[in-house]
$ cat model16.cif   # mmCIF, C-alpha atoms
data_coords
loop_
_atom_site.label_atom_id
_atom_site.label_comp_id
_atom_site.auth_asym_id
_atom_site.auth_seq_id
_atom_site.Cartn_x
_atom_site.Cartn_y
_atom_site.Cartn_z
CA MET O 1 -15.68 24.28 1.56
CA PHE O 2 -16.96 24.03 -2.01
CA GLU O 3 -19.24 21.11 -1.18
CA PHE O 4 -20.52 22.92 1.90
CA LEU O 5 -21.47 25.95 -0.20
CA LYS O 6 -22.94 23.76 -2.91
CA TYR O 7 -25.41 22.20 -0.47
CA LYS O 8 -25.67 25.12 1.95
CA LYS O 9 -29.25 25.88 0.93
CA GLU O 10 -30.40 22.31 1.54
CA LEU O 11 -28.53 22.08 4.82
CA GLU O 12 -30.30 25.20 6.07
CA GLU O 13 -33.79 23.98 5.16
CA PRO O 14 -36.18 23.22 8.05
CA ASP O 15 -36.09 19.62 9.26
CA SER O 16 -38.46 17.26 7.45
CA PRO O 17 -38.57 13.60 6.40
CA GLU O 18 -38.38 14.70 2.76
CA LEU O 19 -35.21 16.71 3.36
CA ALA O 20 -33.61 13.79 5.21
CA GLN O 21 -34.35 11.47 2.31
CA ARG O 22 -32.92 13.89 -0.27
CA LEU O 23 -29.77 14.39 1.79
CA LEU O 24 -29.37 10.65 2.26
CA VAL O 25 -29.67 9.89 -1.45
CA LYS O 26 -27.16 12.59 -2.33
CA ALA O 27 -24.77 11.46 0.42
CA GLU O 28 -24.78 7.90 -0.91
CA GLU O 29 -24.09 9.18 -4.42
CA LEU O 30 -21.18 11.28 -3.19
CA ASN O 31 -19.70 8.37 -1.27
CA GLU O 32 -19.93 6.13 -4.33
CA ASN O 33 -18.12 8.85 -6.29
CA ASP O 34 -15.24 8.95 -3.77
CA GLU O 35 -16.35 12.14 -2.06
CA PRO O 36 -16.82 10.83 1.50
CA LYS O 37 -16.13 14.13 3.28
CA ALA O 38 -18.98 15.88 1.50
CA ALA O 39 -21.13 12.79 1.95
CA GLU O 40 -20.49 12.76 5.69
CA LYS O 41 -21.78 16.29 6.12
CA LEU O 42 -25.04 15.59 4.30
CA CYS O 43 -25.60 12.19 5.85
CA THR O 44 -24.95 13.48 9.38
CA ARG O 45 -27.65 16.11 8.89
CA ALA O 46 -30.04 13.48 7.55
CA HIS O 47 -29.20 11.22 10.48
CA ASP O 48 -29.91 13.97 13.01
CA ILE O 49 -33.31 14.60 11.45
CA LEU O 50 -34.26 10.92 11.34
CA SER O 51 -33.02 10.34 14.88
CA ALA O 52 -35.42 12.96 16.17
CA LEU O 53 -38.27 11.56 14.07
CA TYR O 54 -37.54 8.02 15.22
CA LYS O 55 -37.70 9.05 18.87
CA GLU O 56 -41.17 10.51 18.28
CA GLU O 57 -42.55 7.73 16.04
CA PRO O 58 -40.24 4.68 16.14
CA ASP O 59 -42.46 2.33 14.16
CA LYS O 60 -42.88 4.82 11.34
CA TYR O 61 -39.24 5.84 10.99
CA ARG O 62 -37.33 2.71 12.10
CA SER O 63 -36.57 1.60 8.54
CA SER O 64 -35.44 5.05 7.34
CA PHE O 65 -33.31 5.58 10.46
CA ALA O 66 -31.70 2.16 10.02
CA GLU O 67 -30.92 2.89 6.36
CA CYS O 68 -29.37 6.24 7.22
CA SER O 69 -27.34 4.78 10.10
CA SER O 70 -25.99 2.10 7.77
CA ALA O 71 -25.10 4.68 5.13
CA LEU O 72 -23.33 6.90 7.65
CA GLY O 73 -21.40 3.89 8.88
CA SER O 74 -20.24 3.13 5.34
CA ILE O 75 -19.21 6.75 4.83
CA ASN O 76 -17.22 6.74 8.07
CA ALA O 77 -15.54 3.52 6.93
CA SER O 78 -14.57 5.25 3.67
CA LEU O 79 -13.00 7.99 5.80
CA GLU O 80 -11.22 5.29 7.86
CA LYS O 81 -13.12 6.42 10.96
CA TYR O 82 -13.65 2.84 12.02
CA ASP O 83 -14.81 3.52 15.59
CA SER O 84 -17.58 5.77 14.29
CA ALA O 85 -18.32 3.30 11.51
CA TYR O 86 -18.73 0.56 14.11
CA ASP O 87 -21.09 2.69 16.20
CA MET O 88 -23.32 3.45 13.21
CA ALA O 89 -23.26 -0.12 11.89
CA SER O 90 -24.13 -1.44 15.35
CA LEU O 91 -27.05 0.97 15.61
CA ALA O 92 -28.27 -0.06 12.16
CA CYS O 93 -27.89 -3.72 13.13
CA GLU O 94 -30.02 -3.20 16.23
CA LEU O 95 -32.72 -1.50 14.18
CA TYR O 96 -32.62 -4.14 11.44
CA SER O 97 -32.85 -6.86 14.10
CA GLU O 98 -36.13 -5.33 15.22
CA LEU O 99 -37.38 -5.15 11.64
CA ALA O 100 -36.23 -8.71 10.91
CA SER O 101 -38.46 -10.04 13.68
CA ASP O 102 -41.15 -10.22 10.99
CA GLY O 103 -39.09 -12.91 9.25
CA THR O 104 -39.26 -11.38 5.78
CA ASP O 105 -36.37 -12.08 3.40
CA GLU O 106 -35.84 -8.37 2.76
CA HIS O 107 -35.28 -7.52 6.41
CA MET O 108 -33.18 -10.63 7.03
CA GLU O 109 -30.98 -9.64 4.08
CA LEU O 110 -30.50 -6.13 5.45
CA LEU O 111 -29.58 -7.57 8.85
CA ALA O 112 -27.07 -9.95 7.26
CA ASP O 113 -25.46 -7.10 5.34
CA GLU O 114 -25.13 -5.07 8.52
CA TYR O 115 -23.35 -7.90 10.31
CA GLY O 116 -20.95 -7.85 7.38
CA ASN O 117 -20.47 -4.10 7.76
CA ILE O 118 -19.68 -4.54 11.45
CA GLY O 119 -17.22 -7.25 10.50
CA ASP O 120 -15.49 -4.86 8.13
CA THR O 121 -14.95 -2.32 10.90
CA PHE O 122 -13.07 -5.00 12.84
CA PHE O 123 -11.24 -6.34 9.80
CA PHE O 124 -9.78 -2.98 8.84
CA ARG O 125 -8.52 -2.58 12.40
CA SER O 126 -6.85 -6.02 12.10
CA ASN O 127 -9.15 -7.57 14.70
CA TYR O 128 -9.68 -10.67 12.60
CA ASP O 129 -11.30 -12.81 15.30
CA GLU O 130 -14.13 -10.34 15.88
CA ALA O 131 -14.44 -9.70 12.15
CA GLN O 132 -14.88 -13.41 11.52
CA LYS O 133 -17.58 -13.70 14.20
CA GLN O 134 -19.63 -11.02 12.45
CA TYR O 135 -19.05 -12.51 9.00
CA GLU O 136 -20.24 -15.87 10.31
CA LYS O 137 -23.45 -14.26 11.58
CA SER O 138 -24.00 -12.89 8.09
CA LEU O 139 -23.24 -16.30 6.59
CA GLU O 140 -25.74 -18.01 8.89
CA ILE O 141 -28.54 -15.77 7.67
CA TYR O 142 -27.65 -15.97 4.00
CA SER O 143 -27.29 -19.76 4.20
CA ARG O 144 -30.85 -19.98 5.51
CA LEU O 145 -32.10 -17.61 2.83
CA SER O 146 -30.33 -19.53 0.07
CA GLU O 147 -32.11 -22.73 1.11
CA LYS O 148 -35.35 -21.03 0.07
CA ASN O 149 -34.04 -18.94 -2.82
CA ARG O 150 -30.94 -19.71 -4.88
CA LYS O 151 -30.44 -16.03 -5.67
CA TYR O 152 -28.70 -15.73 -2.30
CA SER O 153 -25.96 -18.19 -3.28
CA GLU O 154 -23.70 -15.33 -4.35
CA ASP O 155 -24.15 -13.70 -0.96
CA VAL O 156 -23.14 -16.97 0.70
CA ALA O 157 -20.03 -17.03 -1.48
CA TYR O 158 -19.23 -13.45 -0.50
CA CYS O 159 -19.49 -14.36 3.19
CA TYR O 160 -17.08 -17.25 2.64
CA ASP O 161 -14.70 -14.81 0.95
CA CYS O 162 -14.82 -12.44 3.94
CA ILE O 163 -14.24 -15.31 6.36
CA ALA O 164 -11.35 -16.60 4.24
CA LYS O 165 -9.68 -13.20 4.30
CA ALA O 166 -10.10 -13.04 8.08
CA GLU O 167 -8.50 -16.48 8.34
CA SER O 168 -5.64 -15.30 6.13
CA GLY O 169 -5.24 -12.27 8.38
CA LYS O 170 -4.72 -14.71 11.26
CA GLU O 171 -2.34 -16.74 9.05
CA ASN O 172 -4.71 -19.69 9.17
CA TYR O 173 -4.09 -20.41 5.52
CA THR O 174 -5.44 -23.98 5.50
CA ALA O 175 -8.80 -22.73 6.79
CA ALA O 176 -8.73 -19.87 4.27
CA ILE O 177 -8.15 -22.31 1.42
CA GLU O 178 -11.09 -24.44 2.55
CA HIS O 179 -13.38 -21.41 2.35
CA TYR O 180 -12.08 -20.38 -1.07
CA GLU O 181 -12.78 -23.91 -2.29
CA LYS O 182 -16.38 -23.53 -1.09
CA ILE O 183 -16.63 -20.35 -3.18
CA ILE O 184 -15.43 -22.21 -6.27
CA SER O 185 -17.97 -24.97 -5.64
CA ILE O 186 -20.80 -22.43 -5.37
CA TYR O 187 -19.91 -20.68 -8.62
CA ASP O 188 -19.32 -23.95 -10.48
CA LYS O 189 -22.85 -24.95 -9.50
CA LEU O 190 -24.26 -21.57 -10.50
CA ILE O 191 -22.64 -21.88 -13.93
CA GLU O 192 -24.16 -25.35 -14.29
CA GLU O 193 -27.59 -24.16 -13.20
CA ASN O 194 -27.51 -21.05 -15.37
CA SER O 195 -25.86 -22.38 -18.53
CA SER O 196 -28.41 -20.52 -20.66
CA ALA O 197 -27.92 -17.20 -18.86
CA ASN O 198 -26.47 -14.25 -20.74
CA GLU O 199 -22.72 -14.17 -21.19
CA GLU O 200 -22.19 -11.22 -18.88
CA ILE O 201 -23.60 -13.16 -15.91
CA LEU O 202 -21.55 -16.25 -16.74
CA ARG O 203 -18.38 -14.18 -17.14
CA GLY O 204 -19.00 -12.72 -13.70
CA TYR O 205 -19.19 -16.21 -12.19
CA LYS O 206 -15.98 -17.24 -13.95
CA ASP O 207 -14.27 -14.07 -12.74
CA ASP O 208 -15.20 -14.99 -9.17
CA ILE O 209 -13.77 -18.49 -9.65
CA ALA O 210 -10.54 -17.04 -11.04
CA SER O 211 -10.30 -14.68 -8.08
CA ALA O 212 -10.73 -17.61 -5.68
CA TYR O 213 -8.04 -19.58 -7.53
CA ASN O 214 -5.72 -16.60 -7.18
CA ASP O 215 -6.45 -16.29 -3.47
CA ILE O 216 -5.73 -20.00 -2.97
CA GLY O 217 -2.47 -19.53 -4.83
CA TYR O 218 -1.55 -16.64 -2.58
CA ALA O 219 -2.36 -18.70 0.53
CA TYR O 220 -0.08 -21.50 -0.66
CA SER O 221 2.68 -19.01 -1.43
CA CYS O 222 2.46 -17.66 2.13
CA VAL O 223 3.36 -21.11 3.49
CA LYS O 224 6.11 -21.52 0.84
CA ASP O 225 4.21 -24.24 -1.03
CA PHE O 226 5.22 -22.75 -4.34
CA GLU O 227 4.25 -25.70 -6.52
CA ASP O 228 0.62 -25.61 -5.40
CA ALA O 229 0.66 -21.81 -5.59
CA GLU O 230 1.83 -22.07 -9.20
CA GLN O 231 -0.93 -24.54 -10.01
CA TYR O 232 -3.68 -22.21 -8.79
CA TYR O 233 -2.17 -19.03 -10.23
CA LEU O 234 -2.03 -20.74 -13.63
CA LYS O 235 -5.67 -21.83 -13.28
CA ALA O 236 -6.64 -18.22 -12.59
CA ALA O 237 -4.56 -16.98 -15.53
CA GLU O 238 -6.20 -19.53 -17.84
CA ILE O 239 -9.66 -18.23 -16.94
CA TYR O 240 -8.65 -14.59 -17.35
CA GLU O 241 -7.02 -15.34 -20.71
CA LYS O 242 -10.30 -16.85 -21.88
CA LEU O 243 -12.37 -14.00 -20.50
CA ALA O 244 -10.14 -11.32 -21.98
CA GLY O 245 -10.16 -13.13 -25.32
CA ASP O 246 -13.96 -13.29 -25.50
CA ASP O 247 -14.27 -9.59 -26.36
CA ALA O 248 -14.46 -8.86 -22.63
CA TYR O 249 -11.57 -6.43 -22.53
CA GLU O 250 -12.38 -5.27 -19.03
CA TYR O 251 -10.58 -8.43 -17.88
CA ILE O 252 -7.25 -7.45 -19.41
CA GLU O 253 -6.28 -5.62 -16.22
CA GLU O 254 -7.06 -8.72 -14.14
CA LEU O 255 -5.00 -10.83 -16.54
CA ALA O 256 -2.04 -8.44 -16.25
CA SER O 257 -2.27 -8.58 -12.47
CA GLN O 258 -2.34 -12.38 -12.59
CA TYR O 259 0.79 -12.41 -14.73
CA ASP O 260 2.46 -10.12 -12.19
CA ASP O 261 1.58 -12.58 -9.42
CA LEU O 262 3.08 -15.41 -11.44
CA ALA O 263 6.24 -13.40 -12.08
CA ALA O 264 6.64 -12.70 -8.35
CA LEU O 265 6.06 -16.38 -7.61
CA TYR O 266 8.71 -17.48 -10.10
CA GLU O 267 11.14 -15.05 -8.51
CA ASP O 268 10.46 -16.71 -5.16
CA MET O 269 11.00 -20.09 -6.84
CA ASP O 270 14.33 -18.89 -8.24
CA LYS O 271 13.13 -19.27 -11.81
CA PRO O 272 14.30 -15.94 -13.31
CA ASP O 273 13.59 -16.91 -16.92
CA LEU O 274 9.92 -17.59 -16.20
CA ALA O 275 9.71 -14.50 -14.01
CA LYS O 276 11.01 -12.41 -16.90
CA ILE O 277 8.52 -13.95 -19.32
CA TYR O 278 5.56 -13.16 -17.11
CA ARG O 279 6.75 -9.65 -16.29
CA LYS O 280 6.80 -9.00 -20.00
CA LYS O 281 3.39 -10.58 -20.50
CA ALA O 282 2.00 -8.40 -17.71
CA GLN O 283 3.10 -5.24 -19.50
CA LYS O 284 1.06 -6.08 -22.58
CA PRO O 285 -1.21 -9.09 -22.15
CA GLU O 286 -1.88 -10.97 -25.39
CA VAL O 287 -5.53 -11.94 -25.91
#

$ encode --input "model16.cif" --output "structure tokens"
Amino acid sequence: MFEFLKYKKELEEPDSPELAQRLLVKAEELNENDEPKAAEKLCTRAHDILSALYKEEPDKYRSSFAECSSALGSINASLEKYDSAYDMASLACELYSELASDGTDEHMELLADEYGNIGDTFFFRSNYDEAQKQYEKSLEIYSRLSEKNRKYSEDVAYCYDCIAKAESGKENYTAAIEHYEKIISIYDKLIEENSSANEEILRGYKDDIASAYNDIGYAYSCVKDFEDAEQYYLKAAEIYEKLAGDDAYEYIEELASQYDDLAALYEDMDKPDLAKIYRKKAQKPEV
């Protein structure tokens, strides 16, 4: 009720493109700040306005309507309204497909992202086959884009991560591991290519490698291959120890979580002494 009253004046303004844009911007801010219910109200109003404008002048308002549809889909996903999220993401995808007919990187990127959003609506409903199909559509676009511009390599890696998680959801752990290994290869190459980049960028790449190592370890643990799981968990821990020790204290939480994973693994391996050591390390990581 508070949020409704807070924006009551704006919501009662006459329809206009300017109002729709203001409502959309505010809705996206609210969703990012974990206020999806308030965001939904504003974004729905913006979507209604842009829908009417699009029907009258489709070429002029296609981009704005697509953006708003995508945003409303993301908000519905935050509210776990996955059917509605799918409907909005599908509408946005259709609109972005029309825009992407011009072949520009910007529109192709937006289309790829929307395929990923559709995939998420399936993933969170445990429909991993359909999720993977959408993630692979996103991967296909980003792979083509990355051939022209290396800046899209991280997007390719993200697509592999989504596909790997879908494979894990289907308990296809060997396939998941193969995709995580591709992620590691991408970030290893990015580190090599950007050795002179600022430390924050390089730390981000190393964090992504550590995360992939951890995911591989988890996949091995799921098939009771504890020795390989241990190997990859320790690789991840080694990276996080280095990151947390380089005055990058935001990685301490990741290090603690990695120690917890190792402790749980050692419990599964019936190594209580090591499990105890890593439980203690997780409580207060030393850097």

$ resolve_selection --input "model16.cif" --expression "the PyMOL selection byres ((chain O and resi 157-173) around 10)" --output "mmCIF file with C-alpha atoms, in the frame of the given file"
data_model
loop_
_atom_site.group_PDB
_atom_site.id
_atom_site.type_symbol
_atom_site.label_atom_id
_atom_site.label_comp_id
_atom_site.auth_asym_id
_atom_site.auth_seq_id
_atom_site.Cartn_x
_atom_site.Cartn_y
_atom_site.Cartn_z
ATOM 1 C CA ALA O 112 -27.070 -9.950 7.260
ATOM 2 C CA ASP O 113 -25.460 -7.100 5.340
ATOM 3 C CA GLY O 116 -20.950 -7.850 7.380
ATOM 4 C CA GLY O 119 -17.220 -7.250 10.500
ATOM 5 C CA ASP O 120 -15.490 -4.860 8.130
ATOM 6 C CA PHE O 122 -13.070 -5.000 12.840
ATOM 7 C CA PHE O 123 -11.240 -6.340 9.800
ATOM 8 C CA SER O 126 -6.850 -6.020 12.100
ATOM 9 C CA ASN O 127 -9.150 -7.570 14.700
ATOM 10 C CA TYR O 128 -9.680 -10.670 12.600
ATOM 11 C CA ASP O 129 -11.300 -12.810 15.300
ATOM 12 C CA GLU O 130 -14.130 -10.340 15.880
ATOM 13 C CA ALA O 131 -14.440 -9.700 12.150
ATOM 14 C CA GLN O 132 -14.880 -13.410 11.520
ATOM 15 C CA LYS O 133 -17.580 -13.700 14.200
ATOM 16 C CA GLN O 134 -19.630 -11.020 12.450
ATOM 17 C CA TYR O 135 -19.050 -12.510 9.000
ATOM 18 C CA GLU O 136 -20.240 -15.870 10.310
ATOM 19 C CA LYS O 137 -23.450 -14.260 11.580
ATOM 20 C CA SER O 138 -24.000 -12.890 8.090
ATOM 21 C CA LEU O 139 -23.240 -16.300 6.590
ATOM 22 C CA GLU O 140 -25.740 -18.010 8.890
ATOM 23 C CA TYR O 142 -27.650 -15.970 4.000
ATOM 24 C CA SER O 143 -27.290 -19.760 4.200
ATOM 25 C CA TYR O 152 -28.700 -15.730 -2.300
ATOM 26 C CA SER O 153 -25.960 -18.190 -3.280
ATOM 27 C CA GLU O 154 -23.700 -15.330 -4.350
ATOM 28 C CA ASP O 155 -24.150 -13.700 -0.960
ATOM 29 C CA VAL O 156 -23.140 -16.970 0.700
ATOM 30 C CA THR O 174 -5.440 -23.980 5.500
ATOM 31 C CA ALA O 175 -8.800 -22.730 6.790
ATOM 32 C CA ALA O 176 -8.730 -19.870 4.270
ATOM 33 C CA ILE O 177 -8.150 -22.310 1.420
ATOM 34 C CA GLU O 178 -11.090 -24.440 2.550
ATOM 35 C CA HIS O 179 -13.380 -21.410 2.350
ATOM 36 C CA TYR O 180 -12.080 -20.380 -1.070
ATOM 37 C CA GLU O 181 -12.780 -23.910 -2.290
ATOM 38 C CA LYS O 182 -16.380 -23.530 -1.090
ATOM 39 C CA ILE O 183 -16.630 -20.350 -3.180
ATOM 40 C CA ILE O 184 -15.430 -22.210 -6.270
ATOM 41 C CA SER O 185 -17.970 -24.970 -5.640
ATOM 42 C CA ILE O 186 -20.800 -22.430 -5.370
ATOM 43 C CA TYR O 187 -19.910 -20.680 -8.620
ATOM 44 C CA ASP O 208 -15.200 -14.990 -9.170
ATOM 45 C CA ALA O 212 -10.730 -17.610 -5.680
ATOM 46 C CA ASP O 215 -6.450 -16.290 -3.470
ATOM 47 C CA ILE O 216 -5.730 -20.000 -2.970
ATOM 48 C CA TYR O 218 -1.550 -16.640 -2.580
ATOM 49 C CA ALA O 219 -2.360 -18.700 0.530
ATOM 50 C CA TYR O 220 -0.080 -21.500 -0.660
ATOM 51 C CA SER O 221 2.680 -19.010 -1.430
ATOM 52 C CA CYS O 222 2.460 -17.660 2.130
ATOM 53 C CA VAL O 223 3.360 -21.110 3.490
#

$ atom_distance --input "model16.cif" --atom1 "CA of Glu267 in chain O" --atom2 "CA of Leu243 in chain O"
26.4 Å

$ resolve_selection --input "model16.cif" --expression "the PyMOL selection byres ((chain O and resi 33-42) around 8)" --output "list in words"
Glu3, Phe4, Leu11, Leu23, Leu24, Lys26, Ala27, Glu28, Glu29, Leu30, Asn31, Glu32, Cys43, Thr44, Arg45, Ala46, Leu72, Ile75, Asn76, Ser78 and Leu79 of chain O

$ atom_distance --input "model16.cif" --atom1 "CA of Ala100 in chain O" --atom2 "CA of Ser63 in chain O"
10.6 Å

$ resolve_selection --input "model16.cif" --expression "the PyMOL selection byres ((chain O and resi 64) around 12)" --output "number ranges by chain"
O: 17-18, 20-22, 24-25, 46-54, 57-63, 65-71, 92, 95-96, 99

$ atom_distance --input "model16.cif" --atom1 "CA of Ala264 in chain O" --atom2 "CA of Lys206 in chain O"
23.7 Å

$ closest_residue --input "model16.cif" --among "O:Ile141, O:Ala244, O:Ser74, O:Asp87" --to "Thr104 in chain O" --atoms "only C-alpha atoms"
O:Ile141

$ axis_aligned_box --input "model16.cif" --around "range 252-261 of chain O" --padding-each-side "6 Å" --output "JSON"
{"center_x": -2.4, "center_y": -9.1, "center_z": -14.4, "size_x": 21.7, "size_y": 19.0, "size_z": 22.0}

$ closest_residue --input "model16.cif" --among "O:Asn214, O:Glu56, O:Lys276, O:Asp246" --to "Leu202 in chain O" --atoms "only C-alpha atoms"
O:Asp246

$ residues_near_point --input "model16.cif" --point "(-4.8, -18.5, -14.5)" --cutoff "8 Å" --atoms "all atoms listed in the file" --output "MDAnalysis selection string"
chainID O and resid 210 213:214 232:241 255 258

$ closest_residue --input "model16.cif" --among "O:Asp268, O:Gly204, O:Asn198, O:Tyr249" --to "Glu230 in chain O" --atoms "only C-alpha atoms"
O:Asp268
